[in-house]
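Heads up, data_2.tsv below (TSV, C-alpha atoms (C1' of nucleotides)):
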chain	number	residue	atom	x	y	z
S	1	MET	CA	5.77	0.33	-20.58
S	2	ASP	CA	4.38	-2.55	-22.57
S	3	GLU	CA	1.32	-4.61	-21.77
S	4	LEU	CA	3.33	-6.80	-19.39
S	5	ASP	CA	4.40	-3.80	-17.31
S	6	SER	CA	0.81	-2.61	-17.19
S	7	ALA	CA	-0.32	-6.02	-16.00
S	8	ILE	CA	2.34	-6.02	-13.28
S	9	LEU	CA	1.25	-2.57	-12.11
S	10	ARG	CA	-2.39	-3.61	-12.16
S	11	HIS	CA	-1.72	-6.62	-9.96
S	12	LEU	CA	0.60	-4.83	-7.54
S	13	GLN	CA	-1.87	-1.98	-7.10
S	14	ARG	CA	-4.51	-4.52	-6.15
S	15	ASP	CA	-2.27	-6.61	-3.87
S	16	ALA	CA	1.26	-5.51	-3.19
S	17	ARG	CA	2.08	-8.52	-1.03
S	18	GLN	CA	1.34	-11.37	-3.36
S	19	THR	CA	4.52	-13.35	-3.87
S	20	ASN	CA	6.64	-12.76	-6.92
S	21	ARG	CA	6.13	-16.41	-7.81
S	22	ASP	CA	2.36	-16.13	-7.77
S	23	LEU	CA	2.44	-12.95	-9.80
S	24	ALA	CA	4.79	-14.53	-12.34
S	25	ARG	CA	2.57	-17.59	-12.59
S	26	THR	CA	-0.52	-15.41	-13.11
S	27	LEU	CA	1.25	-13.54	-15.90
S	28	GLY	CA	2.72	-16.67	-17.43
S	29	ILE	CA	6.36	-15.58	-17.09
S	30	ALA	CA	9.38	-16.77	-15.12
S	31	PRO	CA	9.80	-15.43	-11.56
S	32	SER	CA	13.21	-14.02	-12.44
S	33	THR	CA	11.72	-12.09	-15.35
S	34	CYS	CA	8.96	-10.72	-13.19
S	35	LEU	CA	11.44	-9.68	-10.52
S	36	GLU	CA	13.58	-7.85	-13.06
S	37	ARG	CA	10.57	-6.01	-14.49
S	38	ILE	CA	9.54	-4.87	-11.04
S	39	ARG	CA	13.10	-3.81	-10.27
S	40	VAL	CA	13.13	-1.60	-13.36
S	41	LEU	CA	9.71	-0.14	-12.58
S	42	ARG	CA	10.96	0.83	-9.13
S	43	ALA	CA	14.22	2.23	-10.49
S	44	ARG	CA	12.23	4.36	-12.96
S	45	LYS	CA	10.05	5.57	-10.06
S	46	VAL	CA	6.95	4.27	-11.81
S	47	ILE	CA	6.32	2.35	-8.61
S	48	ARG	CA	6.84	4.91	-5.84
S	49	GLY	CA	6.31	2.62	-2.88
S	50	TYR	CA	4.17	0.00	-1.22
S	51	HIS	CA	1.74	0.94	1.51
S	52	ALA	CA	-0.55	-0.87	3.91
S	53	ASP	CA	-4.12	0.45	3.78
S	54	VAL	CA	-5.30	0.85	7.36
S	55	ASP	CA	-8.92	1.35	8.41
S	56	PRO	CA	-9.17	4.93	9.74
S	57	ALA	CA	-11.74	3.84	12.31
S	58	ALA	CA	-9.12	1.58	13.88
S	59	LEU	CA	-6.95	4.66	14.34
S	60	ASN	CA	-9.81	6.48	16.09
S	61	ARG	CA	-10.59	8.54	13.03
S	62	HIS	CA	-14.35	8.24	12.71
S	63	VAL	CA	-15.11	11.62	11.18
S	64	GLN	CA	-13.54	12.77	7.95
S	65	ALA	CA	-13.93	16.09	6.20
S	66	LEU	CA	-12.70	18.20	3.32
S	67	ILE	CA	-11.77	21.73	4.34
S	68	HIS	CA	-11.82	24.36	1.59
S	69	PHE	CA	-9.46	27.25	2.26
S	70	GLN	CA	-9.10	30.71	0.86
S	71	ILE	CA	-5.61	32.07	1.42
S	72	ARG	CA	-4.46	35.69	1.14
S	73	PRO	CA	-2.15	37.12	0.10
S	74	PHE	CA	-1.87	34.58	-2.65
S	75	SER	CA	1.86	34.13	-3.16
S	76	ARG	CA	4.09	31.17	-3.64
S	77	ALA	CA	5.74	31.59	-0.27
S	78	ILE	CA	2.45	31.85	1.60
S	79	ILE	CA	0.95	28.89	-0.21
S	80	GLU	CA	4.03	26.74	0.35
S	81	ALA	CA	4.18	27.64	4.01
S	82	PHE	CA	0.52	26.89	4.60
S	83	LYS	CA	0.75	23.64	2.68
S	84	ALA	CA	3.72	22.52	4.76
S	85	TYR	CA	1.93	23.53	7.96
S	86	ALA	CA	-1.24	21.63	7.06
S	87	ALA	CA	0.59	18.56	5.80
S	88	GLY	CA	2.49	18.38	9.08
S	89	LEU	CA	-0.64	18.10	11.22
S	90	PRO	CA	-1.35	14.48	12.18
S	91	GLU	CA	-5.08	14.87	11.46
S	92	VAL	CA	-4.35	15.78	7.83
S	93	SER	CA	-4.07	13.01	5.29
S	94	THR	CA	-4.02	14.96	2.01
S	95	VAL	CA	-3.45	18.54	0.90
S	96	TYR	CA	-4.58	19.67	-2.55
S	97	VAL	CA	-3.42	23.00	-3.97
S	98	VAL	CA	-6.06	23.91	-6.51
S	99	THR	CA	-7.46	26.48	-8.92
S	100	GLY	CA	-10.97	27.85	-8.67
S	101	GLY	CA	-12.94	29.39	-5.86
S	102	ASP	CA	-10.72	27.81	-3.25
S	103	ASP	CA	-6.95	27.86	-3.01
S	104	MET	CA	-6.41	24.72	-1.01
S	105	ILE	CA	-8.49	21.69	-0.07
S	106	VAL	CA	-7.40	19.61	2.90
S	107	HIS	CA	-8.61	16.12	3.75
S	108	VAL	CA	-8.67	15.55	7.51
S	109	SER	CA	-9.76	12.65	9.67
S	110	THR	CA	-10.55	13.02	13.34
S	111	PRO	CA	-12.11	11.06	16.20
S	112	SER	CA	-15.39	13.03	16.34
S	113	VAL	CA	-17.28	16.09	15.23
S	114	ASP	CA	-16.31	17.80	18.47
S	115	TYR	CA	-12.66	17.02	17.87
S	116	LEU	CA	-12.96	18.30	14.31
S	117	HIS	CA	-14.48	21.56	15.48
S	118	GLY	CA	-11.81	22.10	18.11
S	119	PHE	CA	-9.11	21.17	15.64
S	120	LEU	CA	-10.30	23.70	13.08
S	121	MET	CA	-10.65	26.42	15.68
S	122	ASP	CA	-7.24	25.75	17.21
S	123	LYS	CA	-5.17	25.16	14.10
S	124	PHE	CA	-6.62	27.40	11.42
S	125	THR	CA	-8.72	30.32	12.65
S	126	GLU	CA	-5.72	32.09	14.14
S	127	ARG	CA	-3.60	31.95	11.03
S	128	ARG	CA	-3.38	35.29	9.29
S	129	GLU	CA	-3.21	33.92	5.74
S	130	VAL	CA	-6.53	32.07	6.16
S	131	VAL	CA	-9.22	34.53	5.14
S	132	GLY	CA	-11.93	31.90	5.14
S	133	PHE	CA	-12.69	28.19	5.05
S	134	ARG	CA	-15.64	25.90	4.58
S	135	THR	CA	-16.06	22.38	5.94
S	136	SER	CA	-17.58	19.47	4.03
S	137	VAL	CA	-18.07	16.42	6.20
S	138	ILE	CA	-17.50	13.19	4.26
S	139	TYR	CA	-20.37	10.72	4.45
S	140	GLN	CA	-18.78	8.12	2.20
S	141	HIS	CA	-15.72	7.78	0.08
S	142	THR	CA	-14.78	5.12	-2.37
S	143	HIS	CA	-11.24	4.82	-3.59
S	144	ASN	CA	-10.22	3.26	-6.86
S	145	GLN	CA	-7.08	1.37	-5.88
S	146	VAL	CA	-6.19	0.25	-9.38
S	147	LEU	CA	-5.47	2.93	-11.97
S	148	GLU	CA	-5.05	1.80	-15.56
S	149	PRO	CA	-2.95	3.64	-18.14
S	150	LEU	CA	-5.09	6.04	-20.20
S	151	THR	CA	-4.76	6.49	-23.95
S	152	PRO	CA	-4.69	10.14	-25.07
T	1	MET	CA	-4.32	-2.15	19.75
T	2	ASP	CA	-1.34	-1.59	22.00
T	3	GLU	CA	1.79	0.37	21.20
T	4	LEU	CA	3.29	-2.62	19.39
T	5	ASP	CA	0.34	-2.85	17.01
T	6	SER	CA	0.61	0.88	16.35
T	7	ALA	CA	4.29	0.51	15.57
T	8	ILE	CA	3.57	-2.33	13.16
T	9	LEU	CA	0.91	-0.27	11.39
T	10	ARG	CA	3.24	2.72	11.23
T	11	HIS	CA	5.97	0.69	9.58
T	12	LEU	CA	3.70	-1.16	7.17
T	13	GLN	CA	2.04	2.08	6.07
T	14	ARG	CA	5.46	3.45	5.23
T	15	ASP	CA	6.78	0.30	3.52
T	16	ALA	CA	4.50	-2.65	3.04
T	17	ARG	CA	7.18	-4.80	1.44
T	18	GLN	CA	9.86	-4.79	4.07
T	19	THR	CA	10.45	-8.35	5.19
T	20	ASN	CA	8.81	-9.65	8.31
T	21	ARG	CA	12.27	-10.37	9.69
T	22	ASP	CA	13.43	-6.79	9.23
T	23	LEU	CA	10.26	-5.43	10.77
T	24	ALA	CA	10.58	-7.80	13.73
T	25	ARG	CA	14.21	-6.82	14.22
T	26	THR	CA	13.32	-3.12	14.09
T	27	LEU	CA	10.65	-3.66	16.74
T	28	GLY	CA	12.82	-5.92	18.86
T	29	ILE	CA	10.49	-8.93	18.72
T	30	ALA	CA	10.65	-12.43	17.25
T	31	PRO	CA	9.61	-12.86	13.59
T	32	SER	CA	6.93	-15.35	14.59
T	33	THR	CA	5.43	-12.86	17.03
T	34	CYS	CA	5.42	-10.13	14.43
T	35	LEU	CA	3.78	-12.44	11.90
T	36	GLU	CA	1.06	-13.38	14.34
T	37	ARG	CA	0.35	-9.74	15.19
T	38	ILE	CA	0.03	-8.89	11.51
T	39	ARG	CA	-2.21	-11.92	10.95
T	40	VAL	CA	-4.57	-10.68	13.67
T	41	LEU	CA	-4.56	-7.12	12.34
T	42	ARG	CA	-5.57	-8.44	8.94
T	43	ALA	CA	-8.22	-10.74	10.39
T	44	ARG	CA	-9.68	-7.77	12.31
T	45	LYS	CA	-9.69	-5.75	9.07
T	46	VAL	CA	-7.49	-3.11	10.66
T	47	ILE	CA	-5.18	-3.70	7.73
T	48	ARG	CA	-7.46	-3.65	4.69
T	49	GLY	CA	-4.86	-4.43	2.06
T	50	TYR	CA	-1.48	-3.64	0.58
T	51	HIS	CA	-1.17	-1.46	-2.49
T	52	ALA	CA	1.61	-0.34	-4.81
T	53	ASP	CA	1.72	3.43	-5.21
T	54	VAL	CA	2.14	4.14	-8.93
T	55	ASP	CA	3.15	7.51	-10.37
T	56	PRO	CA	0.07	8.83	-12.23
T	57	ALA	CA	2.30	10.44	-14.86
T	58	ALA	CA	3.55	6.98	-15.82
T	59	LEU	CA	-0.07	6.03	-16.50
T	60	ASN	CA	-0.50	9.06	-18.75
T	61	ARG	CA	-2.39	10.98	-16.11
T	62	HIS	CA	-0.73	14.36	-16.14
T	63	VAL	CA	-3.71	16.51	-15.19
T	64	GLN	CA	-5.68	15.95	-12.02
T	65	ALA	CA	-8.76	17.78	-10.82
T	66	LEU	CA	-11.44	17.83	-8.18
T	67	ILE	CA	-14.95	18.10	-9.61
T	68	HIS	CA	-17.63	19.50	-7.29
T	69	PHE	CA	-21.11	18.29	-8.14
T	70	GLN	CA	-24.56	19.40	-7.22
T	71	ILE	CA	-27.07	16.59	-7.62
T	72	ARG	CA	-30.88	16.90	-7.75
T	73	PRO	CA	-33.18	15.44	-6.70
T	74	PHE	CA	-31.22	14.67	-3.60
T	75	SER	CA	-32.26	11.14	-2.66
T	76	ARG	CA	-30.40	8.07	-1.54
T	77	ALA	CA	-31.10	6.22	-4.77
T	78	ILE	CA	-29.91	9.08	-6.97
T	79	ILE	CA	-26.77	9.64	-4.90
T	80	GLU	CA	-25.91	5.95	-4.85
T	81	ALA	CA	-26.44	5.60	-8.57
T	82	PHE	CA	-24.32	8.61	-9.40
T	83	LYS	CA	-21.60	7.52	-7.01
T	84	ALA	CA	-21.49	4.07	-8.61
T	85	TYR	CA	-21.43	5.61	-12.09
T	86	ALA	CA	-18.58	7.98	-11.24
T	87	ALA	CA	-16.55	5.35	-9.37
T	88	GLY	CA	-16.80	3.07	-12.38
T	89	LEU	CA	-15.14	5.52	-14.76
T	90	PRO	CA	-11.44	4.74	-15.25
T	91	GLU	CA	-10.46	8.40	-14.96
T	92	VAL	CA	-11.93	8.60	-11.44
T	93	SER	CA	-9.73	7.71	-8.51
T	94	THR	CA	-11.88	8.84	-5.57
T	95	VAL	CA	-15.48	9.78	-4.93
T	96	TYR	CA	-16.45	11.74	-1.81
T	97	VAL	CA	-20.08	12.08	-0.79
T	98	VAL	CA	-20.18	15.21	1.33
T	99	THR	CA	-22.25	17.77	3.20
T	100	GLY	CA	-22.15	21.46	2.39
T	101	GLY	CA	-22.56	23.46	-0.78
T	102	ASP	CA	-21.70	20.44	-2.92
T	103	ASP	CA	-23.14	16.96	-2.78
T	104	MET	CA	-20.23	15.04	-4.24
T	105	ILE	CA	-16.57	15.70	-4.94
T	106	VAL	CA	-14.79	13.52	-7.45
T	107	HIS	CA	-11.03	13.25	-7.89
T	108	VAL	CA	-10.13	12.55	-11.52
T	109	SER	CA	-6.83	12.16	-13.33
T	110	THR	CA	-6.51	12.51	-17.07
T	111	PRO	CA	-3.85	12.82	-19.76
T	112	SER	CA	-4.39	16.53	-20.51
T	113	VAL	CA	-6.61	19.54	-20.04
T	114	ASP	CA	-8.24	18.80	-23.39
T	115	TYR	CA	-8.95	15.24	-22.33
T	116	LEU	CA	-10.36	16.52	-19.03
T	117	HIS	CA	-12.68	18.92	-20.81
T	118	GLY	CA	-13.92	16.28	-23.21
T	119	PHE	CA	-14.33	13.80	-20.39
T	120	LEU	CA	-16.46	16.19	-18.34
T	121	MET	CA	-18.59	17.11	-21.34
T	122	ASP	CA	-19.11	13.52	-22.41
T	123	LYS	CA	-19.64	11.86	-19.07
T	124	PHE	CA	-21.41	14.39	-16.89
T	125	THR	CA	-23.19	17.19	-18.73
T	126	GLU	CA	-25.81	14.87	-20.16
T	127	ARG	CA	-26.78	13.32	-16.87
T	128	ARG	CA	-30.12	14.60	-15.62
T	129	GLU	CA	-29.26	14.45	-11.92
T	130	VAL	CA	-26.27	16.76	-12.39
T	131	VAL	CA	-27.61	20.29	-12.01
T	132	GLY	CA	-24.16	21.82	-11.88
T	133	PHE	CA	-20.49	21.19	-11.34
T	134	ARG	CA	-17.29	23.16	-10.83
T	135	THR	CA	-13.77	22.06	-11.70
T	136	SER	CA	-10.70	22.69	-9.54
T	137	VAL	CA	-7.48	21.72	-11.27
T	138	ILE	CA	-4.94	20.30	-8.85
T	139	TYR	CA	-1.55	22.00	-8.96
T	140	GLN	CA	0.02	19.93	-6.22
T	141	HIS	CA	-1.03	17.31	-3.79
T	142	THR	CA	0.82	15.82	-0.88
T	143	HIS	CA	-0.38	12.63	0.70
T	144	ASN	CA	0.37	11.61	4.25
T	145	GLN	CA	1.02	7.90	3.88
T	146	VAL	CA	1.37	7.19	7.58
T	147	LEU	CA	-1.62	7.86	9.81
T	148	GLU	CA	-1.09	7.58	13.55
T	149	PRO	CA	-3.83	6.69	16.02
T	150	LEU	CA	-5.44	9.82	17.49
T	151	THR	CA	-6.33	10.24	21.15
T	152	PRO	CA	-9.84	11.65	21.71
B	1	DT	C1'	23.58	-15.04	-43.58
B	2	DG	C1'	26.03	-14.08	-39.45
B	3	DA	C1'	26.93	-11.06	-35.55
B	4	DT	C1'	25.18	-8.58	-31.76
B	5	DC	C1'	22.22	-7.20	-28.12
B	6	DG	C1'	18.48	-7.27	-24.94
B	7	DG	C1'	15.36	-9.82	-22.66
B	8	DC	C1'	13.95	-14.06	-20.87
B	9	DC	C1'	14.53	-18.48	-18.67
B	10	DG	C1'	15.53	-22.00	-15.09
B	11	DA	C1'	18.57	-24.21	-11.89
B	12	DA	C1'	21.25	-23.23	-7.78
B	13	DT	C1'	21.88	-20.60	-3.80
B	14	DT	C1'	20.56	-17.51	-0.29
B	15	DT	C1'	17.11	-15.71	2.40
B	16	DA	C1'	12.56	-15.36	4.32
B	17	DA	C1'	7.91	-17.15	5.71
B	18	DT	C1'	5.54	-20.28	8.34
B	19	DT	C1'	4.61	-23.80	11.77
B	20	DC	C1'	4.44	-25.57	16.29
B	21	DG	C1'	5.78	-27.15	20.81
B	22	DA	C1'	7.97	-25.02	24.85
B	23	DT	C1'	8.31	-21.12	27.77
B	24	DC	C1'	7.08	-16.97	29.87
B	25	DT	C1'	4.05	-13.38	31.93
B	26	DG	C1'	0.41	-11.21	34.21
B	27	DG	C1'	-3.97	-11.48	36.29
B	28	DA	C1'	-7.48	-13.93	38.92
B	29	DT	C1'	-8.39	-16.86	42.75
B	30	DG	C1'	-8.33	-19.53	46.92
C	1	DC	C1'	1.13	-15.24	49.22
C	2	DA	C1'	1.24	-19.26	46.30
C	3	DT	C1'	-1.08	-21.40	42.51
C	4	DC	C1'	-3.35	-21.79	38.38
C	5	DC	C1'	-4.68	-20.50	33.86
C	6	DA	C1'	-4.95	-18.22	29.39
C	7	DG	C1'	-2.80	-15.76	26.12
C	8	DA	C1'	1.25	-14.05	24.17
C	9	DT	C1'	5.95	-14.76	22.87
C	10	DC	C1'	9.88	-17.26	21.53
C	11	DG	C1'	13.09	-20.06	18.67
C	12	DA	C1'	14.26	-24.10	16.13
C	13	DA	C1'	12.81	-26.81	12.18
C	14	DT	C1'	10.54	-26.98	7.99
C	15	DT	C1'	8.66	-25.16	3.93
C	16	DA	C1'	8.58	-21.73	0.49
C	17	DA	C1'	10.17	-17.63	-1.77
C	18	DA	C1'	13.66	-14.22	-3.35
C	19	DT	C1'	17.67	-13.57	-5.74
C	20	DT	C1'	21.58	-14.57	-8.68
C	21	DC	C1'	23.70	-15.75	-12.85
C	22	DG	C1'	25.14	-18.34	-16.94
C	23	DG	C1'	23.09	-19.74	-21.06
C	24	DC	C1'	19.56	-19.43	-24.64
C	25	DC	C1'	16.45	-17.35	-27.92
C	26	DG	C1'	14.72	-14.09	-31.17
C	27	DA	C1'	14.81	-9.61	-33.21
C	28	DT	C1'	17.64	-6.33	-35.66
C	29	DC	C1'	21.04	-4.73	-38.69
C	30	DA	C1'	25.06	-4.90	-41.65

Take the structure from the file and write it as structure tokens.
Amino acid sequence: MDELDSAILRHLQRDARQTNRDLARTLGIAPSTCLERIRVLRARKVIRGYHADVDPAALNRHVQALIHFQIRPFSRAIIEAFKAYAAGLPEVSTVYVVTGGDDMIVHVSTPSVDYLHGFLMDKFTERREVVGFRTSVIYQHTHNQVLEPLTP
Amino acid sequence: MDELDSAILRHLQRDARQTNRDLARTLGIAPSTCLERIRVLRARKVIRGYHADVDPAALNRHVQALIHFQIRPFSRAIIEAFKAYAAGLPEVSTVYVVTGGDDMIVHVSTPSVDYLHGFLMDKFTERREVVGFRTSVIYQHTHNQVLEPLTP
DNA sequence: TGATCGGCCGAATTTAATTCGATCTGGATG
DNA sequence: CATCCAGATCGAATTAAATTCGGCCGATCA
């Protein structure tokens, strides 16, 4: 992980579909060198994949929310099961298992507020391990696509 | 946005670097047709970009957390300013502006718990608009890379 | 100093992206 | 019901990129 690797990661986080030639030219190295570096980064699982970023609105997901769950009893099996259940719902994009007042925070995106309400009622209120949840509707969210290495 | 567009989005969300030829063959269409569909999806901003997914641990980000902020006074200008400030910090990957008990939720990733503590003390406690914040350390998080269109 | 190794380079080859004219399809219209 | 039209699709030809691989360079160590 030298400066060249960092630069490659920086550029591929920003635009994963630029050609290897362009990237190599930007970095001032040969295309074959660049290709080999990327191959190693993938083999080492530093690069986990390449994903298209799709506008949620185009997928009829106009309302997003964070749902804060309290789960009881708090055991590994229960947490794992609930996490798997939530992650399998098509409305759910991210599941966080966390410390603090809540046990799990789930990011969902739905067509409308009505849909969100029905979704929460149908999918979560009946589950025994859910002793409570709170909904935070998301007004805005900004995502930092490019993460730099941090120095300790 | 017919079924073919949805299929293209599904495949590009999963793997944005498969070749156009492979994608076309998977979908049973000509490469030129597939290319044109993708061109239109990009022009319509349905596809917003392509990003490499990099392992945070490889960037020395071993500890992640969600920070829940309460901001006062609660005005557009204050919220916007704080959002811009938070989003500009390299440790921050996502900023959510939300309804509910908290005003903003910020996803951060840092090298260690010590770093996280110092970061929070240095970057947030001194800001006047921050009247309080709570930290939820993230034990696990699963991300659903492929979002399907929802029917209302 | 000389040997060795790992990484880098660049030319050659293979493969893919892109372009564009021809063809097809489905819907509107007389 | 036949015709027309517009938009989408196709496939061959061209352009450009990915990939391979043998050789070179520079750092390291005996």

Give one line per residue of chain S that approaches chain T to at most 8 Å, naming the two atoms of the closest pair and their distance in Å to one decimal, counting only C-alpha atoms; sort by chain then ascending residue number and deliver it as a tab-separated table.
residue	atom	partner	partner_atom	distance
S:Leu9	CA	T:Val54	CA	7.5
S:Leu12	CA	T:Ala52	CA	5.4
S:Gln13	CA	T:Ala52	CA	4.5
S:Arg14	CA	T:His51	CA	5.8
S:Asp15	CA	T:Tyr50	CA	5.4
S:Ala16	CA	T:His51	CA	4.8
S:Arg17	CA	T:Tyr50	CA	6.3
S:Lys45	CA	T:Asp55	CA	7.2
S:Val46	CA	T:Asp55	CA	5.2
S:Ile47	CA	T:Val54	CA	4.6
S:Arg48	CA	T:Asp53	CA	5.4
S:Gly49	CA	T:Asp53	CA	5.2
S:Tyr50	CA	T:Ala52	CA	4.4
S:His51	CA	T:Gln13	CA	4.7
S:Ala52	CA	T:Tyr50	CA	4.4
S:Asp53	CA	T:Gly49	CA	5.2
S:Val54	CA	T:Ile47	CA	4.6
S:Asp55	CA	T:Val46	CA	5.2
S:Ala58	CA	T:Val46	CA	5.9
S:Leu59	CA	T:Pro149	CA	4.1
S:Asn60	CA	T:Leu150	CA	5.7
S:Arg61	CA	T:Leu150	CA	6.9
S:Ala65	CA	T:Val98	CA	8.0
S:Ala87	CA	T:Asn144	CA	7.1
S:Pro90	CA	T:Leu147	CA	7.0
S:Glu91	CA	T:Leu150	CA	7.9
S:Val92	CA	T:Asn144	CA	7.2
S:Ser93	CA	T:Asn144	CA	4.8
S:Thr94	CA	T:His143	CA	4.5
S:Val95	CA	T:Thr142	CA	5.4
S:Tyr96	CA	T:His141	CA	4.4
S:Val97	CA	T:Gln140	CA	5.1
S:Val98	CA	T:Ile138	CA	4.4
S:Thr99	CA	T:Ser136	CA	5.0
S:Gly100	CA	T:Ser136	CA	5.2
S:Gly101	CA	T:Ser136	CA	8.0
S:Thr110	CA	T:Leu150	CA	7.3
S:Pro111	CA	T:Pro152	CA	6.0
S:Ser112	CA	T:Pro152	CA	7.8
S:Tyr115	CA	T:Pro152	CA	7.2
S:Thr135	CA	T:Gly100	CA	7.1
S:Ser136	CA	T:Thr99	CA	5.0
S:Val137	CA	T:Thr99	CA	5.3
S:Ile138	CA	T:Val98	CA	4.5
S:Tyr139	CA	T:Val97	CA	5.4
S:Gln140	CA	T:Val97	CA	5.1
S:His141	CA	T:Tyr96	CA	4.4
S:Thr142	CA	T:Val95	CA	5.4
S:His143	CA	T:Thr94	CA	4.5
S:Asn144	CA	T:Ser93	CA	4.8
S:Gln145	CA	T:Ser93	CA	7.4
S:Leu147	CA	T:Pro90	CA	7.0
S:Glu148	CA	T:Leu59	CA	6.6
S:Pro149	CA	T:Leu59	CA	4.1
S:Leu150	CA	T:Asn60	CA	5.7
S:Thr151	CA	T:Asn60	CA	7.2
S:Pro152	CA	T:Pro111	CA	6.0

**Study point:** Test item: residues at most 9 Å from DA16 (chain C), all atoms listed in the file, excluding those fewer than 4 positions along its chain, as a list in words
**Key:** DA16, DA17 and DT18 of chain B

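Atom pair C1' of DG7 (chain B) / CA of Glu3 (chain S) has a distance of 15.0 Å (rounded to one decimal).
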
Kindly provide the residues of chain S that approach chain B to within 9 Å, each paired with its closest atom pair and their distance in Å to one decimal, based on all atoms listed in the file, listed by chain and increasing number, as a tab-separated table.
residue	atom	partner	partner_atom	distance
S:Ile29	CA	B:DC8	C1'	8.6
S:Ala30	CA	B:DC9	C1'	6.5
S:Ser32	CA	B:DC9	C1'	7.8
S:Thr33	CA	B:DC8	C1'	6.3

Check your understanding: Residues of chain C within 12 Å of chain S, using only C-alpha atoms (C1' of nucleotides), as a PyMOL selection string?
Key -> chain C and resi 16-21

Mind writing the picked residues with C-alpha atoms (C1' of nucleotides) as a PDB file, in the coordinates of the input?
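Saved result, out_11.pdb, follows:
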ATOM      1  C1'  DA C  16       8.580 -21.730   0.490  1.00  0.00           C
ATOM      2  C1'  DA C  17      10.170 -17.630  -1.770  1.00  0.00           C
ATOM      3  C1'  DA C  18      13.660 -14.220  -3.350  1.00  0.00           C
ATOM      4  C1'  DT C  19      17.670 -13.570  -5.740  1.00  0.00           C
ATOM      5  C1'  DT C  20      21.580 -14.570  -8.680  1.00  0.00           C
ATOM      6  C1'  DC C  21      23.700 -15.750 -12.850  1.00  0.00           C
TER       7       DC C  21
END

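If you look at CA of Ile71 (chain T) and CA of Val131 (chain T), they are 5.8 Å away from each other.
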
Exercise for review: Measure the distance from CA of Phe133 (chain T) to CA of Ile67 (chain T) in Å and round it to one decimal.
Suggested key: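 Pair CA of Phe133 (chain T) / CA of Ile67 (chain T) returns 6.6 Å.
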